[in-house]
Structures are given as structure tokens and as C-alpha cells.
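Structure file coords-v3.txt (compact mmCIF, C-alpha atoms) is printed below.
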```
# COMPACT_ATOMS: atom_id res chain seq x y z
CA MET A 1338 17.07 -26.12 -5.70
CA GLU A 1339 14.56 -24.79 -8.21
CA ILE A 1340 12.05 -24.18 -5.43
CA PHE A 1341 14.68 -22.31 -3.42
CA ASN A 1342 15.58 -20.12 -6.43
CA ARG A 1343 11.92 -19.38 -6.99
CA ILE A 1344 11.47 -18.32 -3.37
CA VAL A 1345 14.54 -16.08 -3.59
CA ARG A 1346 13.28 -14.45 -6.81
CA ARG A 1347 9.88 -13.80 -5.29
CA GLY A 1348 11.49 -12.37 -2.17
CA LEU A 1349 13.70 -10.04 -4.21
CA ALA A 1350 10.74 -8.96 -6.34
CA ALA A 1351 8.66 -8.21 -3.25
CA PHE A 1352 11.54 -6.30 -1.64
CA THR A 1353 12.13 -4.30 -4.83
CA LEU A 1354 8.45 -3.41 -5.11
CA PHE A 1355 8.29 -2.41 -1.43
CA THR A 1356 11.41 -0.25 -1.78
CA LEU A 1357 10.06 1.42 -4.92
CA GLU A 1358 6.72 2.18 -3.26
CA LEU A 1359 8.52 3.58 -0.22
CA ILE A 1360 10.67 5.85 -2.39
CA VAL A 1361 7.63 7.11 -4.30
CA ILE A 1362 5.68 7.81 -1.11
CA TRP A 1363 8.54 9.63 0.61
CA THR A 1364 9.30 11.62 -2.56
CA ALA A 1365 5.65 12.68 -2.83
CA PHE A 1366 5.48 13.56 0.88
CA LEU A 1367 8.72 15.55 1.07
CA GLY A 1368 8.13 17.14 -2.34
CA SER A 1369 4.67 18.30 -1.29
CA LEU A 1370 6.02 19.68 1.98
CA PHE A 1371 8.74 21.59 0.12
CA VAL A 1372 6.23 23.03 -2.38
CA PHE A 1373 3.90 24.23 0.37
CA LEU A 1374 6.69 25.82 2.42
CA PHE A 1375 8.18 27.45 -0.69
CA ILE A 1376 4.83 28.95 -1.75
CA THR A 1377 4.13 30.16 1.78
CA LYS A 1378 7.50 31.89 1.92
CA GLU A 1379 7.07 33.49 -1.50
CA ILE A 1380 3.54 34.79 -0.86
CA PHE A 1381 3.53 35.77 2.80
CA HIS A 1382 7.17 36.58 3.50
CA LEU A 1383 8.58 37.88 0.22
CA ARG A 1384 5.20 39.17 -1.04
CA GLU A 1385 5.93 37.74 -4.48
CA GLU A 1386 2.77 37.82 -6.64
CA GLU A 1387 4.19 38.08 -10.17
CA PHE A 1388 3.48 34.43 -10.95
CA ASP A 1389 -0.19 34.73 -9.97
CA LYS A 1390 -0.59 37.92 -12.04
CA ASN A 1391 0.95 36.31 -15.12
CA VAL A 1392 -1.36 33.30 -14.86
CA PHE A 1393 -4.43 35.57 -14.67
CA LEU A 1394 -3.18 37.59 -17.65
CA PHE A 1395 -2.80 34.43 -19.69
CA LEU A 1396 -6.23 33.07 -18.77
CA ASN A 1397 -8.02 36.38 -19.39
CA ALA A 1398 -7.20 36.02 -23.06
CA HIS A 1399 -8.89 32.60 -23.24
CA ILE A 1400 -12.18 33.23 -21.43
CA SER A 1401 -15.38 32.25 -23.26
CA THR A 1402 -18.97 31.51 -22.29
CA SER A 1403 -18.71 27.82 -23.17
CA MET A 1404 -15.44 27.41 -21.30
CA THR A 1405 -16.84 29.19 -18.24
CA ASP A 1406 -19.89 26.87 -18.22
CA PHE A 1407 -17.58 23.86 -18.50
CA MET A 1408 -15.38 25.07 -15.65
CA GLU A 1409 -18.42 25.69 -13.44
CA GLY A 1410 -19.41 22.06 -14.00
CA ILE A 1411 -15.91 20.83 -13.23
CA THR A 1412 -15.56 22.84 -10.03
CA PHE A 1413 -18.81 21.32 -8.72
CA PHE A 1414 -17.08 17.94 -8.40
CA ALA A 1415 -15.00 19.31 -5.51
CA SER A 1416 -17.78 21.23 -3.77
CA ARG A 1417 -18.46 20.26 -0.18
CA ASN A 1418 -21.99 19.06 -0.97
CA PHE A 1419 -20.83 16.77 -3.77
CA ILE A 1420 -17.82 15.44 -1.85
CA ALA A 1421 -20.00 14.76 1.20
CA GLY A 1422 -22.48 12.79 -0.89
CA ALA A 1423 -19.76 10.91 -2.78
CA ALA A 1424 -17.92 10.09 0.45
CA LEU A 1425 -21.13 8.66 1.95
CA MET A 1426 -21.70 6.48 -1.11
CA VAL A 1427 -18.16 5.07 -0.97
CA PHE A 1428 -18.47 4.65 2.80
CA PHE A 1429 -21.68 2.62 2.53
CA TYR A 1430 -20.18 0.59 -0.33
CA PHE A 1431 -17.34 -0.63 1.87
CA ILE A 1432 -19.63 -1.12 4.89
CA PHE A 1433 -22.50 -3.05 3.31
CA ILE A 1434 -21.26 -4.41 -0.04
CA LYS A 1435 -17.51 -4.88 0.09
CA ARG A 1436 -17.56 -5.24 3.90
CA HIS A 1437 -14.14 -3.74 4.50
CA ALA A 1438 -14.35 -1.75 7.73
CA TRP A 1439 -10.86 -0.24 7.53
CA TYR A 1440 -11.41 1.11 4.00
CA SER A 1441 -14.68 2.65 5.17
CA LEU A 1442 -12.76 4.35 8.02
CA LYS A 1443 -10.28 5.94 5.62
CA ILE A 1444 -13.04 7.82 3.80
CA PRO A 1445 -14.34 10.07 6.62
CA VAL A 1446 -10.85 10.53 8.03
CA VAL A 1447 -9.45 11.77 4.72
CA ALA A 1448 -12.49 13.73 3.52
CA LEU A 1449 -13.63 15.36 6.76
CA GLY A 1450 -10.08 15.83 8.00
CA SER A 1451 -9.13 17.59 4.77
CA ILE A 1452 -12.09 19.97 5.00
CA THR A 1453 -11.38 20.76 8.67
CA LEU A 1454 -7.67 21.31 8.13
CA ASN A 1455 -8.36 23.56 5.16
CA LEU A 1456 -10.74 25.78 7.16
CA VAL A 1457 -8.22 26.12 9.98
CA LEU A 1458 -5.41 27.06 7.58
CA LYS A 1459 -7.57 29.55 5.70
CA HIS A 1460 -8.19 31.50 8.89
CA LEU A 1461 -4.55 31.16 9.91
CA PHE A 1462 -3.18 32.66 6.67
CA ASN A 1463 -6.17 34.99 6.14
CA ARG A 1464 -5.50 35.69 2.45
CA PRO A 1465 -8.39 37.45 0.65
CA ARG A 1466 -9.64 36.10 -2.65
CA PRO A 1467 -8.55 37.79 -5.91
CA LEU A 1468 -9.97 41.31 -6.25
CA MET A 1469 -10.95 40.92 -9.91
CA PRO A 1470 -14.60 40.02 -10.72
CA HIS A 1471 -15.27 36.34 -10.06
CA LEU A 1472 -16.91 34.22 -12.75
CA VAL A 1473 -18.77 32.15 -10.16
CA LYS A 1474 -20.17 32.90 -6.71
CA SER A 1475 -17.62 32.48 -3.94
CA SER A 1476 -17.08 33.46 -0.35
CA GLY A 1477 -14.51 33.05 2.39
CA LEU A 1478 -10.75 33.21 2.25
CA SER A 1479 -8.36 32.14 -0.49
CA PHE A 1480 -5.27 30.31 0.80
CA PRO A 1481 -5.02 27.38 0.45
CA SER A 1482 -7.65 26.41 -2.11
CA GLY A 1483 -10.25 24.17 -0.47
CA HIS A 1484 -11.35 22.69 -3.79
CA ALA A 1485 -7.77 21.78 -4.70
CA MET A 1486 -6.99 20.32 -1.27
CA ILE A 1487 -10.24 18.35 -1.01
CA SER A 1488 -10.07 17.08 -4.59
CA ILE A 1489 -6.57 15.66 -4.32
CA SER A 1490 -7.22 14.12 -0.89
CA PHE A 1491 -10.61 12.56 -1.74
CA TYR A 1492 -9.96 11.55 -5.35
CA GLY A 1493 -6.43 10.59 -4.37
CA LEU A 1494 -7.98 8.22 -1.83
CA LEU A 1495 -10.17 6.76 -4.59
CA ILE A 1496 -7.02 6.23 -6.67
CA TYR A 1497 -5.46 4.40 -3.73
CA LEU A 1498 -8.56 2.21 -3.28
CA ILE A 1499 -8.72 1.46 -7.02
CA TRP A 1500 -5.03 0.54 -6.99
CA GLU A 1501 -5.62 -1.85 -4.10
CA GLN A 1502 -8.95 -3.35 -5.16
CA VAL A 1503 -9.29 -3.38 -8.97
CA GLN A 1504 -7.58 -6.40 -10.51
CA ASN A 1505 -8.14 -5.69 -14.21
CA ARG A 1506 -5.17 -3.56 -15.28
CA GLY A 1507 -6.97 -1.87 -18.16
CA ILE A 1508 -9.85 -0.72 -15.96
CA LYS A 1509 -7.49 0.18 -13.12
CA TYR A 1510 -5.22 2.45 -15.15
CA THR A 1511 -8.13 4.01 -17.04
CA LEU A 1512 -9.93 4.97 -13.82
CA ILE A 1513 -6.73 6.31 -12.28
CA ALA A 1514 -5.97 8.40 -15.38
CA LEU A 1515 -9.51 9.84 -15.43
CA LEU A 1516 -9.32 10.78 -11.74
CA LEU A 1517 -5.91 12.42 -12.21
CA ILE A 1518 -7.30 14.47 -15.09
CA LEU A 1519 -10.32 15.46 -12.98
CA ILE A 1520 -8.09 16.57 -10.08
CA HIS A 1521 -6.02 18.84 -12.33
CA LEU A 1522 -9.10 20.23 -14.08
CA ILE A 1523 -10.64 21.13 -10.72
CA GLY A 1524 -7.52 23.03 -9.74
CA PHE A 1525 -7.41 24.79 -13.11
CA SER A 1526 -11.10 25.71 -12.86
CA ARG A 1527 -10.58 27.61 -9.60
CA VAL A 1528 -7.99 29.88 -11.22
CA TYR A 1529 -9.95 30.22 -14.47
CA LEU A 1530 -13.06 31.27 -12.53
CA ARG A 1531 -10.92 33.89 -10.72
CA VAL A 1532 -11.85 32.69 -7.24
CA HIS A 1533 -8.30 31.57 -6.42
CA TYR A 1534 -4.75 32.48 -7.24
CA ALA A 1535 -2.63 29.81 -8.92
CA SER A 1536 -0.48 29.71 -5.77
CA ASP A 1537 -3.62 28.90 -3.72
CA VAL A 1538 -4.28 25.87 -5.90
CA MET A 1539 -0.68 24.66 -5.83
CA ALA A 1540 -0.60 24.97 -2.04
CA GLY A 1541 -3.93 23.13 -1.81
CA PHE A 1542 -2.62 20.28 -3.94
CA ALA A 1543 0.54 20.06 -1.81
CA LEU A 1544 -1.38 20.02 1.48
CA GLY A 1545 -3.96 17.58 0.15
CA THR A 1546 -1.17 15.19 -0.82
CA LEU A 1547 0.44 15.53 2.62
CA TRP A 1548 -2.84 14.86 4.39
CA LEU A 1549 -3.69 11.90 2.15
CA ILE A 1550 -0.33 10.17 2.67
CA LEU A 1551 -0.32 10.82 6.41
CA SER A 1552 -3.91 9.61 6.88
CA ILE A 1553 -3.44 6.39 4.91
CA PHE A 1554 -0.14 5.69 6.67
CA LEU A 1555 -1.57 6.14 10.17
CA ILE A 1556 -4.76 4.17 9.51
CA ASN A 1557 -2.77 1.32 7.96
CA LYS A 1558 -0.53 1.26 11.05
CA ILE A 1559 -3.57 1.14 13.34
CA GLU A 1560 -5.11 -1.62 11.22
CA LYS A 1561 -1.96 -3.75 11.42
CA TYR A 1562 -1.71 -3.18 15.17
CA SER A 1563 -5.33 -4.18 15.74
CA ARG A 1564 -4.93 -7.36 13.71
CA ARG A 1565 -1.74 -8.30 15.53
CA LYS A 1566 -2.73 -7.35 19.09
CA LEU A 1567 -6.47 -7.01 19.40
CA ALA A 1568 -7.77 -9.84 17.20
CA PRO A 1569 -5.95 -12.64 19.12
CA ALA A 1570 -7.19 -11.19 22.44
CA ILE A 1571 -10.78 -11.11 21.17
CA GLU A 1572 -10.59 -14.68 19.87
CA ALA A 1573 -9.10 -15.87 23.17
CA SER A 1574 -11.85 -14.25 25.20
```

Take the structure in the file and write it out as C-alpha cells.
Amino acid sequence: MEIFNRIVRRGLAAFTLFTLELIVIWTAFLGSLFVFLFITKEIFHLREEEFDKNVFLFLNAHISTSMTDFMEGITFFASRNFIAGAALMVFFYFIFIKRHAWYSLKIPVVALGSITLNLVLKHLFNRPRPLMPHLVKSSGLSFPSGHAMISISFYGLLIYLIWEQVQNRGIKYTLIALLLILIHLIGFSRVYLRVHYASDVMAGFALGTLWLILSIFLINKIEKYSRRKLAPAIEAS
């Protein structure tokens, strides 16, 4: 009887955890979709730019040389060159050290897919960058922010991998907290440096979250299918 009760408790705990994770994922996905659609409507349909102007007015009063240097350093961590190098390092780690092929597949799908999707959307919306003098060199279009979208998709993937792989809770939560801080600082840096509107960054975060969730979901489905269908066929042959 005790064994049966223990099995029931474990089953209920697993079901509760699964349900909670599902609720969190769907809330993040639908919330991000709503935010992106809302911003798109406000900026491109209603031509509402008061929020962006107020953010710039606030930041203009807090600009300093030391803060600008700090923000330039922060924004580098979401540059394409840095992300490409970091993605390769994580890719090779899971290929040669950890030997987890499916985790290594998630990295190029999320990183490269995020960059490609961002470029397509930039040309689709065709929003110029802010007209005020930029505090760092920049080129291209403004909406959605590539740094914001890439940072939340790539570093969000690292958070997912840390959550799955790191067993020590102290290390796990510390790393996750640091990455979350970095993601938000990157988004803030793009507005501070005047190369993006605040709405660009918010839209980039929303789209990056959508892409991250969708990519992980689809790759996990493919992984489960391959283990269930392909692996037995390979072993039999």
C-alpha cells in the first residue's frame, strides 16, 4: 500500500510539474505574440510614437561618457560576430565534449534562424533608425531590434540548456539570473545608444521569445519522433 501511495504521489507531482511548465510556456508564447502585434499596430497603423519619444527624453538626461562606454561593451555581447563565435563554442561543446547531438542542433537553428528572421522582418517593416545622433556606429533598419531578438533567443537557449543540464541549484539559478540581466541590459543599451526605439527592442524581445519557444518545441518533437520511430528501425537493420 505504501508503495502504491508513493507511486501515486510521484505521478501527481510529475503531472503538476508538467502542467505548470505547459502553462508557463503557453503564457510566454501568447503574451509575446500579443506584445508584438500590439506594438506593430501602435507604430505602423496608429503612428503612435509618444512612448518612444518619452523614453529618449528620459535617457538624454542620464547620458555620460562612462555609461556610454559601458553600454558599448554590453551591446557587443549581442553583435553577430560575438554570437556566431559563442554559438560555435557551445555547438562544439555538445558535439565533442557533452556528446548530445540534439542539443547541438538547437544552437544553429535558434541562432541562425533568429538572425535570418530578423533580417526578413526588418525589410518587411522598413522602419528607419532614430534620426537623432547615434552614440555608436550603426547601419540598416530599425524594427525589430536585431540585438534584442538575437540576445533573447540565443541567451534564452542557454538558459534552457542550463535548466536542463546543471544539477547544482545554486549554480543553476545564479547563471540564469546573470543571463537574464545581460539580456535586459543589451536591450537597454540599444535605446541608450540611440540606435533603436524602445518599441524596436520590445518587439525584438517578443519575437525572440516566440522563435525560441517554437524552435525548441519543434526540435524536441523531432527528437522524440526519431527515438521512437527511427532508432528501432536502425537497430533492427

Could you pull the residues within 12 Å of region 1492-1504 of chain A, counting only C-alpha atoms, minus those fewer than 3 positions along the same chain, as JSON, numbers by chain? {"A": [1362, 1414, 1415, 1420, 1423, 1424, 1427, 1428, 1431, 1435, 1437, 1439, 1440, 1441, 1442, 1443, 1444, 1445, 1446, 1447, 1448, 1451, 1484, 1485, 1486, 1487, 1488, 1489, 1507, 1508, 1509, 1510, 1511, 1512, 1513, 1514, 1515, 1516, 1517, 1518, 1519, 1520, 1521, 1523, 1542, 1545, 1546, 1547, 1548, 1549, 1550, 1551, 1552, 1553, 1554]}

At what distance in Å, to one decimal, does CA of Phe1373 (chain A) lie from CA of Val1473 (chain A)?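 A separation of 26.2 Å between them.
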
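We find CA of Leu1478 (chain A) and CA of Phe1462 (chain A) to be spaced 8.8 Å apart.
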
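Distance check against Ser1401 (chain A) using all atoms listed in the file: of A:Ser1482, A:Leu1530, A:Asn1455, A:Ala1421, the minimum falls on A:Leu1530.
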
Can you measure CA of Ile1411 (chain A) to CA of Ser1475 (chain A) for me? One decimal in Å is fine.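 Atom-to-atom, CA of Ile1411 (chain A) and CA of Ser1475 (chain A) are spaced 15.0 Å apart.
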
Compile the contact shell of Asp1389 (chain A) as an MDAnalysis selection string: residues with an atom at most 8 Å away, counting all atoms listed in the file, same-chain residues fewer than 2 positions apart removed. chainID A and resid 1386:1387 1391:1393 1534:1536

Produce a file of the selected residues containing C-alpha atoms, as an mmCIF file, in the coordinates of the input.
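That gives us selection24.cif:
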```
data_model
loop_
_atom_site.group_PDB
_atom_site.id
_atom_site.type_symbol
_atom_site.label_atom_id
_atom_site.label_comp_id
_atom_site.auth_asym_id
_atom_site.auth_seq_id
_atom_site.Cartn_x
_atom_site.Cartn_y
_atom_site.Cartn_z
ATOM 1 C CA GLU A 1386 2.770 37.820 -6.640
ATOM 2 C CA GLU A 1387 4.190 38.080 -10.170
ATOM 3 C CA ASN A 1391 0.950 36.310 -15.120
ATOM 4 C CA VAL A 1392 -1.360 33.300 -14.860
ATOM 5 C CA PHE A 1393 -4.430 35.570 -14.670
ATOM 6 C CA TYR A 1534 -4.750 32.480 -7.240
ATOM 7 C CA ALA A 1535 -2.630 29.810 -8.920
ATOM 8 C CA SER A 1536 -0.480 29.710 -5.770
#
```
